[in-house]
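Trainee: If you scroll down you'll find the structure; I have some questions about it.
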Amino acid sequence: MKEVNKSVPKKDGMGLTVGKPAYTEDLAPQNALTVKVLRSPYPFARIKNIDTEKAEKLKGVKCVLTYKNVPRNIVTRAGQGYPEPSPHDKFILDEYVRYIGDEVAAVAAEDEVTAVEALKLIEVEYEKLEPVLDFERAEGHPSIIHPEKEAHEMFPTGFNPSKNIAAEYHMSFGDLDKTLKKCDYVVSERYYTQAQNHTAMETHSSFAYVDINGRLNIVSSTQTPFHARRIVGEALGLPLDKIRVIKPRIGGGYGGKQALHGEFLVALVALRTGRSAKLIYTREEVFEATYTRHPMRIDVTIGADKDGNIKAIDMEILSNTGAYAEHALTVFMVAGSKTLPLYNKAEAVRFGGKVVYTNHTPAGAFRGYGAVQGNFALEATIDKLALAVGKDPVEFRVQNMIKEGETSPVFKIMGEGTEGVDMTVDSCKLEYCVKRGMELCGWKDKYPRKQIGKNKVRGIGSAIAMQGSGIPCIDMGSAVIKLNDGGFFNLMVGATDIGTGSDTILAQIAAEALGVSTDKVVVYSSDTDLTPFDCGAYASSTTYVSGNAVYRAGRKMKGLIEKAGAERFGVSKDEVEFDGEFIRTKDGRNSVSLSQLSTELYYSNKQKQLMVCESFCGEVSPPPFLAGFAEVEVDLETGKVDLIDYTAVVDCGTPINPNLARIQIEGGLVQGIGMTMFEGVKYGENGKLLTNNFLQYRIPSRKDINKLTVEFAESYEPSGPFGAKSVGEIGTDTPPAAITNAIYNAIGVRVTKLPVTPEYILMELKKKMK
Amino acid sequence: MENKIRFTLNFKTVEISASPLKRLLDVLREDFSLTGTKEGCGEGECGACSIIVDGELVNSCLYPVGRVEGKEVLTIEGFRSTPEFEVLRESFEEAGAVQCGFCTPGMIMAAEFLLRKYPHPTEEQIRKGISGNLCRCTGYDMIVKAIKLASERGDGLW
């Protein structure tokens with residue numbers, strides 16, 4: 001392999017480094033109207049009266065939108081495949097506002113100052129309603145958050161808005177109670193995770209204009225341009241042939257830009273005023289009014305026999321989706337479906353629970369997508385069980401975990417909102433990952449703890465994780481490859497590079513399949529008019545799903561080039577081969593460069609355009625695996641925890657671009673570390689998010705991260721492009737469990753609520769001393 | 001109220017009429033179409049809008065343009081014509097320090113400021129030097145590596 005498994009520089013790296021206009025806001029026309037949103041000051045209220053007259057009369061104001069003058073079509077903004085597993089529960093604007101930050105009205109004005117001034121002139125009379133702020137009391141609460149009759153599910157998902165239930169699901173196999181009774185060791189624990197914010201450095205941004213053909217064009221920092229087109233069409237009641245969505249460079253997404261945010265409003269303003277209109281979220285709006293990771297309460301019980309064989313696992317979840325149910329069912333299901341198969345020898349497994357509405361900022365997709373929450377609960381309980389059994393937790397994992405060639409009944413039972421697919425794990429180097437990780441982190445010397453001076457103790461902890469590679473039988477990616485004169489190629493993909501480097505790795509896959517060098521492949525991605533369909537950048541799908549489509553297209557194009565060469569030489573196709581630069585007859589008598597052949601094809605000899613299109617929709621979703629090891633130092637006087645070292649060994653199949661794969665893992669680890677140690681979420685009594693800026697909500701800076709060690713296992717996934725699986729999400733999964741396991745090993749305190757704070761540690765230490 | 005404000009922007013003298021309270025970030029992006037300087041938070045916490053004013057690293061989102069009178073402003077668009085930039089660019093590219101890229105121009109300006117102060121910074125100095133620049137994509141390791149690489153390659157430049 002010449003072009004893959006190679007750290008080719010990122011295609012857009014140079015342009016981004018020199019600061020060329022690249023992101024949505026950079027590209028918005030200078031004279032675009034500025035759109036600003038009036039947001040609800042109450043967690044739950046009905047708008048009794050709204051008077052926009054003064055705002056409309058303000059000089060420079062061009063358009064004011066309220067629920068009274070926008071189309072009333074109920075949609076889900078989730079940005080998923082169709083029909084969506086998320087219920088339709090959102091209007092563009094509604095007479096009900098359901099969290100502090102929910103949209104009340106929007107103003108478009110000539111400049112930002114005028115738009116902000118106009119917002120202050122809108123007079124709103126609210127009927128305040130009793131909010132639901134405690135997710136453990138949401139079910140059956142007297143306040144019904146979605147009383148609107150239009151709200152509906154697209155297929156059975158347990159949606160029951162009259163009880164504030166957004167989704168419900170239960171599964172089981174084997175007899176759980178009976179099996180647990182027979183177990184020699186049974187441990188249980190309850191865990192809570194918080195509403196982590198994605199905090200992509202670029203805030204959610206979009207602008208829209210009506211082009212010369214009268215079509216609505218939306219430029220958006222979206223992870224899902226094709227879904228965005230469909231959902232804008234649905235919400236505005238516009239035929240899809242009137243809409244084009246373009247994704248420029250994106251300043252980070254991590255799931256936070258899978259759903260739609262400003263698109264409806266800029267589209268409406270552009271259509272009504274004939275002017276281009278932009279909406280750039282402030283950082284405060286990102287915190288308060290986009291969405292977060294689903295906070296969950298997770299109860300886990302695991303049982304093992306006297307030899308330490310895991311026999312039964314029970315996982316019960318209550319998930320909080322906030323005011324709207326974007327990704328409610330699927331994130332909750334993934335907490336089980338992408339963790340339970342790790343321990344595939346369990347004879348009885350039960351998983352289930354509910355997702356409830358509350359009057360908080362909505363939750364949605366976030367890297368890890370439930371697997372992080374589930375992994376924290378499962379892997380912390382595994383450590384607890386290992387201690388009960390009296391085994392080293394790493395050896396205990398190796399004894400029980402899934403191995404290459406094996407399967408799990410969970411794969412078939414649980415998909416994302418639907419039934420899953422039966423599959424065996426054809427590539428799984430988890431055992432290598434664990435062993436190599438133990439060497440790298442010095443497990444044998446460091447487990448479980450070391451006293452460092454009088455008041456400091458170091459501990460080491462571990463966790464293993466799996467994810468998926470796309471949603472099988474649902475998510476499709478496609479690719480078009482066009483040969484140009486001069487012998488270079490355009491690769492057109494719907495796949496959405498959100499800063500991950502997917503344009504680069506897809507070009508590498510195309511180049512490898514064609515046999516050419518990567519610099520001969522010019523990529524265009526994510527323009528709904530000009531590129532073929534792709535579900536978008538989510539569910540760890542791009543390398544595997546879009547990558548397989550690109551691989552197929554590359555192979556097909558290579559065949560077309562050889563056929564054109566054969567026609568030129570007057571021989572059969574079998575007698576010709578293309579080596580990346582020249583098309584030759586195998587006997588060596590004839591040869592022509594691709595550059596010359598392509599120029600002849602378009603100008604002078606048997607003229608025709610060579611172009612191919614291929615698609616891929618996975619029948620399976622091969623999981624990548626990761627073993628994570630955390631070493632922490634706990635200050636017994638202050639309760640402060642420092643992360644000394646984090647080691648991750650990863651099986652992602654062939655890393656198409658080892659450098660970019662490493663950044664995916666390192667970045668994922670740091671987001672997981674942030675969730676575990678820094679990113680506390682606080683609400684005021686009225687439901688107001690207090691942690692709504694980078695001072696209050698602290699994401700890790702370089703000072704907070706000490707040593708990170710990342711290595712990749714040699715692995716080859718037979719169904720992947722050149723052996724590749726996904727790598728985008730799995731890095732996020734292990735830090736919560738590995739770090740809290742390390743804290744337990746250091747000081748005997750089991751952290752069950754994230755994030756870990758010095759106060760929490762001190763309180764627990766004090767309790768222990770009593 | 002608008003004032004006439006004169007300053008040096010990327011080695012050239014410029015003059016604008018603007019409210020002295022307008023954020024320098026907006027002046028750069030709107031009045032001069034210099035979009036390399038990014039807004040990540042608008043409150044001086046993320047460092048995406050880092051530029052150099054009279055040799056000091058500042059967050060342009062917190063800097064009223066009135067204060068810039070008579071000063072020298074350097075943004076990524078001016079810095080990119082220098083040999084120091086060339087070394088930093090190469091090092092960032094080679095270390096693979098660019099992911100989504102949104103923090104990169106600010107990070108490069110912070111790195112330039114750091115290298116002017118410490119041409120051969122220690123790991124600790126690098127960590128401290130870029131601690132005001134948030135990156136949500138990487139684990140920062142590659143950025144540290146890139147700055148180390150630049151300090152070796154650009155020996156004598158700073």
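Residue names in the structure tokens use chain letters A, B, ... in the order shown, residue numbers from 1 in each chain, and ligand numbers from 1 in the order shown.
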Identify, on the basis of only C-alpha atoms, every residue whose closest approach to region 47-60 of chain B does not exceed 8 Å; exclude the query and any residue fewer than 3 positions from it along the same chain; express the result as JSON, numbers by chain.

Mentor: {"A": [201], "B": [23, 24, 25, 37, 38, 39, 40, 44, 63, 64, 68, 71, 72, 73, 74, 75, 76, 102, 103, 104, 105, 106, 107, 109, 110, 113, 132, 133, 134]}

Trainee: Please check the contacts: residues of chain A at most 8 Å away from chain B, using only C-alpha atoms, listed as a CSV table (one decimal) with N, CA and C atoms, in the first residue's frame.

Mentor:
```csv
chain,number,residue,atom,x,y,z
A,9,PRO,N,0.1,15.0,4.4
A,9,PRO,CA,-0.4,16.3,5.1
A,9,PRO,C,-1.9,16.5,4.7
A,10,LYS,N,-2.6,17.1,5.6
A,10,LYS,CA,-4.0,17.4,5.4
A,10,LYS,C,-4.2,18.3,4.2
A,13,GLY,N,-4.7,21.9,5.1
A,13,GLY,CA,-3.9,22.3,6.2
A,13,GLY,C,-3.2,23.7,5.9
A,14,MET,N,-2.7,23.8,4.8
A,14,MET,CA,-1.9,25.0,4.4
A,14,MET,C,-2.9,26.2,4.4
A,16,LEU,N,-5.7,26.7,5.8
A,16,LEU,CA,-6.2,27.0,7.1
A,16,LEU,C,-5.2,27.7,7.9
A,17,THR,N,-3.9,27.3,7.8
A,17,THR,CA,-2.8,27.8,8.6
A,17,THR,C,-2.6,29.3,8.2
A,18,VAL,N,-2.7,29.6,7.0
A,18,VAL,CA,-2.4,31.0,6.6
A,18,VAL,C,-3.6,31.9,6.8
A,19,GLY,N,-4.7,31.3,7.3
A,19,GLY,CA,-5.9,32.1,7.6
A,19,GLY,C,-6.7,32.5,6.5
A,20,LYS,N,-6.7,31.7,5.4
A,20,LYS,CA,-7.6,32.1,4.2
A,20,LYS,C,-9.1,32.0,4.6
A,21,PRO,N,-9.9,32.8,4.0
A,21,PRO,CA,-11.4,32.7,4.3
A,21,PRO,C,-11.9,31.3,4.0
A,26,ASP,N,-16.6,33.6,7.5
A,26,ASP,CA,-15.6,34.2,6.6
A,26,ASP,C,-16.2,34.4,5.2
A,30,GLN,N,-20.6,40.5,2.5
A,30,GLN,CA,-20.4,41.7,3.4
A,30,GLN,C,-21.7,42.4,3.7
A,199,THR,N,-18.5,22.5,22.6
A,199,THR,CA,-17.6,23.6,22.5
A,199,THR,C,-16.7,23.6,21.3
A,200,ALA,N,-17.2,23.3,20.1
A,200,ALA,CA,-16.4,23.5,18.9
A,200,ALA,C,-15.9,24.9,18.9
A,201,MET,N,-14.7,25.2,18.5
A,201,MET,CA,-14.2,26.5,18.5
A,201,MET,C,-14.9,27.5,17.6
A,202,GLU,N,-15.4,26.9,16.4
A,202,GLU,CA,-16.3,27.7,15.6
A,202,GLU,C,-17.7,27.6,16.1
A,203,THR,N,-18.4,28.6,16.4
A,203,THR,CA,-19.8,28.5,16.9
A,203,THR,C,-20.7,28.2,15.7
A,249,ARG,N,-15.5,24.9,5.0
A,249,ARG,CA,-14.7,24.3,6.1
A,249,ARG,C,-15.5,24.4,7.4
A,250,ILE,N,-15.2,23.5,8.3
A,250,ILE,CA,-16.0,23.6,9.6
A,250,ILE,C,-15.0,23.6,10.7
A,251,GLY,N,-15.2,24.4,11.7
A,251,GLY,CA,-14.3,24.6,12.9
A,251,GLY,C,-14.7,23.6,14.0
A,252,GLY,N,-14.8,22.3,13.7
A,252,GLY,CA,-15.1,21.4,14.7
A,252,GLY,C,-16.6,21.1,14.8
A,282,THR,N,-23.5,33.2,19.3
A,282,THR,CA,-22.5,33.6,20.2
A,282,THR,C,-22.1,32.4,21.0
A,283,ARG,N,-21.0,32.5,21.8
A,283,ARG,CA,-20.6,31.4,22.6
A,283,ARG,C,-21.7,31.0,23.6
A,498,ILE,N,-15.6,17.8,8.7
A,498,ILE,CA,-15.9,18.8,9.7
A,498,ILE,C,-14.6,19.2,10.5
A,499,GLY,N,-13.5,19.1,9.8
A,499,GLY,CA,-12.2,19.4,10.4
A,499,GLY,C,-11.4,18.1,10.7
A,500,THR,N,-12.1,17.0,10.5
A,500,THR,CA,-11.5,15.7,10.8
A,500,THR,C,-10.4,15.3,9.8
A,501,GLY,N,-10.4,15.8,8.6
A,501,GLY,CA,-9.5,15.4,7.6
A,501,GLY,C,-10.0,14.3,6.7
A,659,ASN,N,-1.3,9.8,11.1
A,659,ASN,CA,-1.3,11.1,11.8
A,659,ASN,C,-2.7,11.6,12.2
A,660,LEU,N,-3.5,11.6,11.2
A,660,LEU,CA,-4.9,12.1,11.4
A,660,LEU,C,-5.6,11.1,12.3
A,663,ILE,N,-4.6,12.1,15.8
A,663,ILE,CA,-5.3,13.3,16.3
A,663,ILE,C,-6.7,13.0,16.7
A,664,GLN,N,-7.4,12.1,16.0
A,664,GLN,CA,-8.8,11.7,16.3
A,664,GLN,C,-8.8,11.1,17.7
A,666,GLU,N,-6.3,11.3,20.1
A,666,GLU,CA,-5.9,12.2,21.2
A,666,GLU,C,-7.0,13.2,21.5
A,667,GLY,N,-7.6,13.8,20.5
A,667,GLY,CA,-8.7,14.7,20.7
A,667,GLY,C,-9.8,14.1,21.4
A,668,GLY,N,-10.2,12.9,21.0
A,668,GLY,CA,-11.3,12.2,21.7
A,668,GLY,C,-10.9,11.9,23.2
A,669,LEU,N,-9.7,11.5,23.4
A,669,LEU,CA,-9.3,11.3,24.8
A,669,LEU,C,-9.4,12.6,25.6
A,670,VAL,N,-9.0,13.7,25.1
A,670,VAL,CA,-9.0,15.0,25.8
A,670,VAL,C,-10.5,15.4,26.1
A,671,GLN,N,-11.4,15.1,25.2
A,671,GLN,CA,-12.8,15.4,25.4
A,671,GLN,C,-13.3,14.5,26.5
A,693,ASN,N,-20.1,30.0,29.8
A,693,ASN,CA,-19.0,30.6,29.1
A,693,ASN,C,-17.7,29.8,29.5
A,694,PHE,N,-16.6,30.1,28.8
A,694,PHE,CA,-15.4,29.3,29.1
A,694,PHE,C,-14.7,29.6,30.4
A,695,LEU,N,-15.2,30.7,31.1
A,695,LEU,CA,-14.7,30.9,32.5
A,695,LEU,C,-15.4,29.9,33.4
A,700,PRO,N,-10.3,21.4,28.9
A,700,PRO,CA,-8.9,21.3,29.2
A,700,PRO,C,-8.1,22.2,28.3
A,701,SER,N,-7.1,22.9,28.9
A,701,SER,CA,-6.1,23.6,28.1
A,701,SER,C,-4.8,22.8,28.1
A,702,ARG,N,-3.8,23.3,27.4
A,702,ARG,CA,-2.6,22.5,27.3
A,702,ARG,C,-2.0,22.2,28.7
A,703,LYS,N,-2.2,23.1,29.7
A,703,LYS,CA,-1.7,23.0,31.0
A,703,LYS,C,-2.3,21.8,31.8
A,705,ILE,N,-3.2,18.9,30.5
A,705,ILE,CA,-2.9,17.6,29.9
A,705,ILE,C,-1.5,17.3,30.1
A,708,LEU,N,0.2,12.0,27.1
A,708,LEU,CA,-0.7,11.2,26.3
A,708,LEU,C,0.1,10.2,25.5
```

Trainee: For region 135-148 of chain A, find every residue with an atom within 7 Å (counting only C-alpha atoms), except residues of its own chain fewer than 5 positions away, and show them as an MDAnalysis selection string.

Mentor: chainID A and resid 98 130 161:165 320 356:358

Trainee: Might you pull out every residue within 12 Å of region 65-73 of chain A, with only C-alpha atoms counted and same-chain residues fewer than 6 positions away left off, and present them as a ChimeraX atom specification?

Mentor: /A:35-39,46-53,55-56,88-97,103-109,118-119,122-124,148-152,231-238,264-269,271-273

Trainee: Restricting the output to C-alpha atoms, write the selected residues as a PDB file, in the first residue's frame.

Mentor:
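Output below, filename out_5.pdb:
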```pdb
ATOM      1  CA  VAL A  35     -30.054  37.692  12.210  1.00  0.00           C
ATOM      2  CA  LYS A  36     -30.392  37.706  15.991  1.00  0.00           C
ATOM      3  CA  VAL A  37     -32.670  35.563  18.117  1.00  0.00           C
ATOM      4  CA  LEU A  38     -34.809  36.630  21.069  1.00  0.00           C
ATOM      5  CA  ARG A  39     -34.552  33.798  23.574  1.00  0.00           C
ATOM      6  CA  ARG A  46     -46.660  30.109  26.773  1.00  0.00           C
ATOM      7  CA  ILE A  47     -46.446  33.298  24.788  1.00  0.00           C
ATOM      8  CA  LYS A  48     -49.740  35.054  25.515  1.00  0.00           C
ATOM      9  CA  ASN A  49     -48.980  38.076  23.437  1.00  0.00           C
ATOM     10  CA  ILE A  50     -46.104  39.216  21.285  1.00  0.00           C
ATOM     11  CA  ASP A  51     -45.876  42.717  19.835  1.00  0.00           C
ATOM     12  CA  THR A  52     -43.172  43.324  17.250  1.00  0.00           C
ATOM     13  CA  GLU A  53     -44.397  46.657  15.892  1.00  0.00           C
ATOM     14  CA  ALA A  55     -38.971  46.465  16.446  1.00  0.00           C
ATOM     15  CA  GLU A  56     -40.233  46.427  12.880  1.00  0.00           C
ATOM     16  CA  HIS A  88     -41.116  15.243  15.461  1.00  0.00           C
ATOM     17  CA  ASP A  89     -41.557  17.733  18.294  1.00  0.00           C
ATOM     18  CA  LYS A  90     -40.147  21.060  17.054  1.00  0.00           C
ATOM     19  CA  PHE A  91     -41.679  23.945  15.133  1.00  0.00           C
ATOM     20  CA  ILE A  92     -39.509  26.655  13.610  1.00  0.00           C
ATOM     21  CA  LEU A  93     -40.993  28.951  16.271  1.00  0.00           C
ATOM     22  CA  ASP A  94     -43.799  28.034  18.656  1.00  0.00           C
ATOM     23  CA  GLU A  95     -46.134  29.694  21.121  1.00  0.00           C
ATOM     24  CA  TYR A  96     -44.583  27.508  23.820  1.00  0.00           C
ATOM     25  CA  VAL A  97     -41.001  28.044  24.950  1.00  0.00           C
ATOM     26  CA  GLU A 103     -36.349  30.748  20.409  1.00  0.00           C
ATOM     27  CA  VAL A 104     -39.093  33.344  20.874  1.00  0.00           C
ATOM     28  CA  ALA A 105     -38.528  35.530  17.812  1.00  0.00           C
ATOM     29  CA  ALA A 106     -35.862  36.461  15.283  1.00  0.00           C
ATOM     30  CA  VAL A 107     -34.862  39.831  13.852  1.00  0.00           C
ATOM     31  CA  ALA A 108     -32.920  40.514  10.668  1.00  0.00           C
ATOM     32  CA  ALA A 109     -31.289  43.929  10.417  1.00  0.00           C
ATOM     33  CA  ALA A 118     -34.642  45.551  17.852  1.00  0.00           C
ATOM     34  CA  LEU A 119     -34.748  42.451  20.061  1.00  0.00           C
ATOM     35  CA  ILE A 122     -40.127  43.192  21.068  1.00  0.00           C
ATOM     36  CA  GLU A 123     -42.764  43.079  23.777  1.00  0.00           C
ATOM     37  CA  VAL A 124     -43.656  39.618  24.994  1.00  0.00           C
ATOM     38  CA  GLU A 148     -49.046  19.984  20.964  1.00  0.00           C
ATOM     39  CA  LYS A 149     -51.231  17.566  19.021  1.00  0.00           C
ATOM     40  CA  GLU A 150     -48.888  17.542  16.032  1.00  0.00           C
ATOM     41  CA  ALA A 151     -46.016  15.886  17.923  1.00  0.00           C
ATOM     42  CA  HIS A 152     -45.507  12.323  16.703  1.00  0.00           C
ATOM     43  CA  ILE A 231     -35.401  19.050   7.025  1.00  0.00           C
ATOM     44  CA  VAL A 232     -35.363  22.686   5.850  1.00  0.00           C
ATOM     45  CA  GLY A 233     -37.682  21.628   3.022  1.00  0.00           C
ATOM     46  CA  GLU A 234     -39.987  19.910   5.485  1.00  0.00           C
ATOM     47  CA  ALA A 235     -40.034  22.771   8.008  1.00  0.00           C
ATOM     48  CA  LEU A 236     -40.507  25.545   5.445  1.00  0.00           C
ATOM     49  CA  GLY A 237     -42.796  23.546   3.163  1.00  0.00           C
ATOM     50  CA  LEU A 238     -40.412  24.027   0.253  1.00  0.00           C
ATOM     51  CA  PHE A 264     -34.530  27.683   9.236  1.00  0.00           C
ATOM     52  CA  LEU A 265     -34.240  31.325  10.258  1.00  0.00           C
ATOM     53  CA  VAL A 266     -31.641  32.458   7.713  1.00  0.00           C
ATOM     54  CA  ALA A 267     -33.578  30.625   5.010  1.00  0.00           C
ATOM     55  CA  LEU A 268     -36.834  32.370   5.903  1.00  0.00           C
ATOM     56  CA  VAL A 269     -35.183  35.781   6.069  1.00  0.00           C
ATOM     57  CA  LEU A 271     -36.740  34.165   1.087  1.00  0.00           C
ATOM     58  CA  ARG A 272     -38.772  37.020   2.579  1.00  0.00           C
ATOM     59  CA  THR A 273     -36.336  39.882   2.054  1.00  0.00           C
TER      60      THR A 273
END
```

Trainee: What is the CA of Lys640 (chain A)-CA of Lys145 (chain B) distance in Å, reported with one decimal?

Mentor: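 These two atoms are separated by 28.1 Å.
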
Trainee: What's the 10 Å shell around Gln258 (chain A), counting only C-alpha atoms, without same-chain residues fewer than 3 positions away, as a list in words?

Mentor: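 Returned residues: Arg77, Ala78, Gly79, Gln80, Ser221, Thr222, Gln223, Thr224, Pro225, His227, Ala228, Gly253, Tyr254, Gly255, His261, Gly364, Ala365, Phe366, Gly536, Ala537 and Tyr538 of chain A.
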
Trainee: For the atom pair CA of Asp392 (chain A) and CA of Gly308 (chain A), what is the interatomic distance in Å to one decimal place?

Mentor: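 Distance reported for this atom pair: 10.9 Å.
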
Trainee: DSSP on the backbone: what in region 354-469 of chain A comes out alpha helix (DSSP H), as a compact mmCIF listing (two decimals) with N, CA and C atoms, in the first residue's frame?

Mentor:
```
# COMPACT_ATOMS: atom_id res chain seq x y z
N ALA A 371 -22.30 5.73 24.21
CA ALA A 371 -21.29 4.72 24.56
C ALA A 371 -20.40 5.23 25.69
N VAL A 372 -20.17 6.56 25.74
CA VAL A 372 -19.33 7.13 26.80
C VAL A 372 -20.02 6.91 28.15
N GLN A 373 -21.31 7.28 28.20
CA GLN A 373 -22.04 7.15 29.45
C GLN A 373 -22.09 5.67 29.86
N GLY A 374 -22.47 4.81 28.91
CA GLY A 374 -22.58 3.38 29.20
C GLY A 374 -21.24 2.79 29.61
N ASN A 375 -20.17 3.23 28.95
CA ASN A 375 -18.84 2.71 29.25
C ASN A 375 -18.42 3.08 30.67
N PHE A 376 -18.69 4.31 31.07
CA PHE A 376 -18.37 4.76 32.43
C PHE A 376 -19.01 3.81 33.44
N ALA A 377 -20.30 3.55 33.27
CA ALA A 377 -21.03 2.74 34.24
C ALA A 377 -20.58 1.27 34.19
N LEU A 378 -20.49 0.74 32.98
CA LEU A 378 -20.14 -0.69 32.85
C LEU A 378 -18.71 -0.95 33.34
N GLU A 379 -17.77 -0.14 32.86
CA GLU A 379 -16.36 -0.41 33.14
C GLU A 379 -15.97 -0.09 34.58
N ALA A 380 -16.68 0.83 35.21
CA ALA A 380 -16.43 1.06 36.64
C ALA A 380 -16.95 -0.13 37.44
N THR A 381 -18.10 -0.67 37.02
CA THR A 381 -18.68 -1.81 37.74
C THR A 381 -17.83 -3.07 37.52
N ILE A 382 -17.25 -3.18 36.33
CA ILE A 382 -16.35 -4.32 36.05
C ILE A 382 -15.18 -4.30 37.04
N ASP A 383 -14.61 -3.11 37.28
CA ASP A 383 -13.51 -3.00 38.25
C ASP A 383 -13.97 -3.44 39.64
N LYS A 384 -15.17 -2.99 39.98
CA LYS A 384 -15.72 -3.32 41.29
C LYS A 384 -15.88 -4.84 41.43
N LEU A 385 -16.36 -5.46 40.36
CA LEU A 385 -16.56 -6.90 40.37
C LEU A 385 -15.22 -7.63 40.42
N ALA A 386 -14.23 -7.14 39.67
CA ALA A 386 -12.90 -7.78 39.66
C ALA A 386 -12.34 -7.80 41.08
N LEU A 387 -12.51 -6.68 41.79
CA LEU A 387 -12.01 -6.61 43.17
C LEU A 387 -12.74 -7.62 44.06
N ALA A 388 -14.07 -7.73 43.83
CA ALA A 388 -14.86 -8.67 44.63
C ALA A 388 -14.39 -10.11 44.37
N VAL A 389 -14.11 -10.40 43.11
CA VAL A 389 -13.66 -11.75 42.74
C VAL A 389 -12.22 -11.97 43.21
N PRO A 393 -7.94 -6.23 37.72
CA PRO A 393 -9.02 -5.86 36.81
C PRO A 393 -8.68 -6.02 35.33
N VAL A 394 -7.43 -5.89 34.97
CA VAL A 394 -7.07 -6.07 33.56
C VAL A 394 -7.16 -7.55 33.18
N GLU A 395 -6.64 -8.41 34.05
CA GLU A 395 -6.74 -9.85 33.77
C GLU A 395 -8.20 -10.29 33.73
N PHE A 396 -8.99 -9.70 34.61
CA PHE A 396 -10.42 -10.02 34.66
C PHE A 396 -11.08 -9.63 33.33
N ARG A 397 -10.69 -8.50 32.80
CA ARG A 397 -11.25 -8.08 31.50
C ARG A 397 -10.84 -9.05 30.41
N VAL A 398 -9.56 -9.38 30.38
CA VAL A 398 -9.06 -10.27 29.32
C VAL A 398 -9.80 -11.61 29.37
N GLN A 399 -10.05 -12.10 30.57
CA GLN A 399 -10.74 -13.37 30.73
C GLN A 399 -12.16 -13.32 30.13
N ASN A 400 -12.79 -12.18 30.23
CA ASN A 400 -14.22 -12.10 29.87
C ASN A 400 -14.53 -11.39 28.56
N PRO A 409 -24.93 -11.76 21.09
CA PRO A 409 -26.36 -11.70 20.73
C PRO A 409 -26.88 -10.26 20.66
N VAL A 410 -26.18 -9.35 21.35
CA VAL A 410 -26.63 -7.95 21.37
C VAL A 410 -26.61 -7.33 19.97
N PHE A 411 -25.64 -7.74 19.15
CA PHE A 411 -25.55 -7.16 17.79
C PHE A 411 -26.85 -7.31 17.03
N LYS A 412 -27.45 -8.50 17.12
CA LYS A 412 -28.67 -8.79 16.36
C LYS A 412 -29.88 -8.08 16.99
N ILE A 413 -29.88 -8.03 18.31
CA ILE A 413 -31.07 -7.50 18.99
C ILE A 413 -31.16 -5.98 18.90
N LEU A 430 -8.14 -6.57 20.60
CA LEU A 430 -8.29 -5.99 21.93
C LEU A 430 -7.29 -6.58 22.93
N GLU A 431 -7.04 -7.87 22.79
CA GLU A 431 -6.11 -8.50 23.73
C GLU A 431 -4.71 -7.90 23.58
N TYR A 432 -4.30 -7.70 22.32
CA TYR A 432 -3.02 -7.02 22.09
C TYR A 432 -3.04 -5.62 22.69
N CYS A 433 -4.14 -4.90 22.45
CA CYS A 433 -4.25 -3.51 22.94
C CYS A 433 -4.07 -3.48 24.46
N VAL A 434 -4.71 -4.41 25.13
CA VAL A 434 -4.64 -4.45 26.59
C VAL A 434 -3.20 -4.75 27.02
N LYS A 435 -2.60 -5.76 26.42
CA LYS A 435 -1.24 -6.15 26.85
C LYS A 435 -0.22 -5.06 26.55
N ARG A 436 -0.32 -4.48 25.35
CA ARG A 436 0.61 -3.41 24.97
C ARG A 436 0.40 -2.19 25.88
N GLY A 437 -0.84 -1.90 26.16
CA GLY A 437 -1.15 -0.76 27.04
C GLY A 437 -0.56 -0.96 28.43
N MET A 438 -0.66 -2.20 28.94
CA MET A 438 -0.08 -2.50 30.27
C MET A 438 1.43 -2.24 30.27
N GLU A 439 2.09 -2.63 29.18
CA GLU A 439 3.55 -2.38 29.09
C GLU A 439 3.84 -0.89 29.06
N LEU A 440 3.09 -0.18 28.19
CA LEU A 440 3.37 1.24 27.99
C LEU A 440 3.14 2.06 29.27
N CYS A 441 2.14 1.68 30.03
CA CYS A 441 1.83 2.51 31.21
C CYS A 441 2.54 1.98 32.46
N TRP A 443 1.87 -0.92 34.06
CA TRP A 443 0.80 -1.40 34.94
C TRP A 443 1.33 -2.24 36.10
N LYS A 444 2.21 -3.19 35.76
CA LYS A 444 2.65 -4.15 36.80
C LYS A 444 3.32 -3.46 37.98
N ASP A 445 4.10 -2.40 37.68
CA ASP A 445 4.78 -1.68 38.77
C ASP A 445 3.84 -0.74 39.51
N LYS A 446 2.85 -0.25 38.80
CA LYS A 446 2.07 0.85 39.36
C LYS A 446 0.75 0.43 40.00
```

Trainee: Enumerate as a ChimeraX atom specification all residues of region 157-279 of chain A assigned to strand (DSSP E) by DSSP on the backbone, naming them with the chain letters and numbers the document uses.

Mentor: /A:165-173,185-193,205-210,216-220,243-246,277-279

Trainee: Nearest to Gln596 (chain A) among A:Asp645, A:Asp305, A:Glu567, A:Asp485, with distances taken over only C-alpha atoms: which residue is it?

Mentor: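 Residue with the minimum atom-to-atom distance to Gln596 (chain A): A:Asp485.
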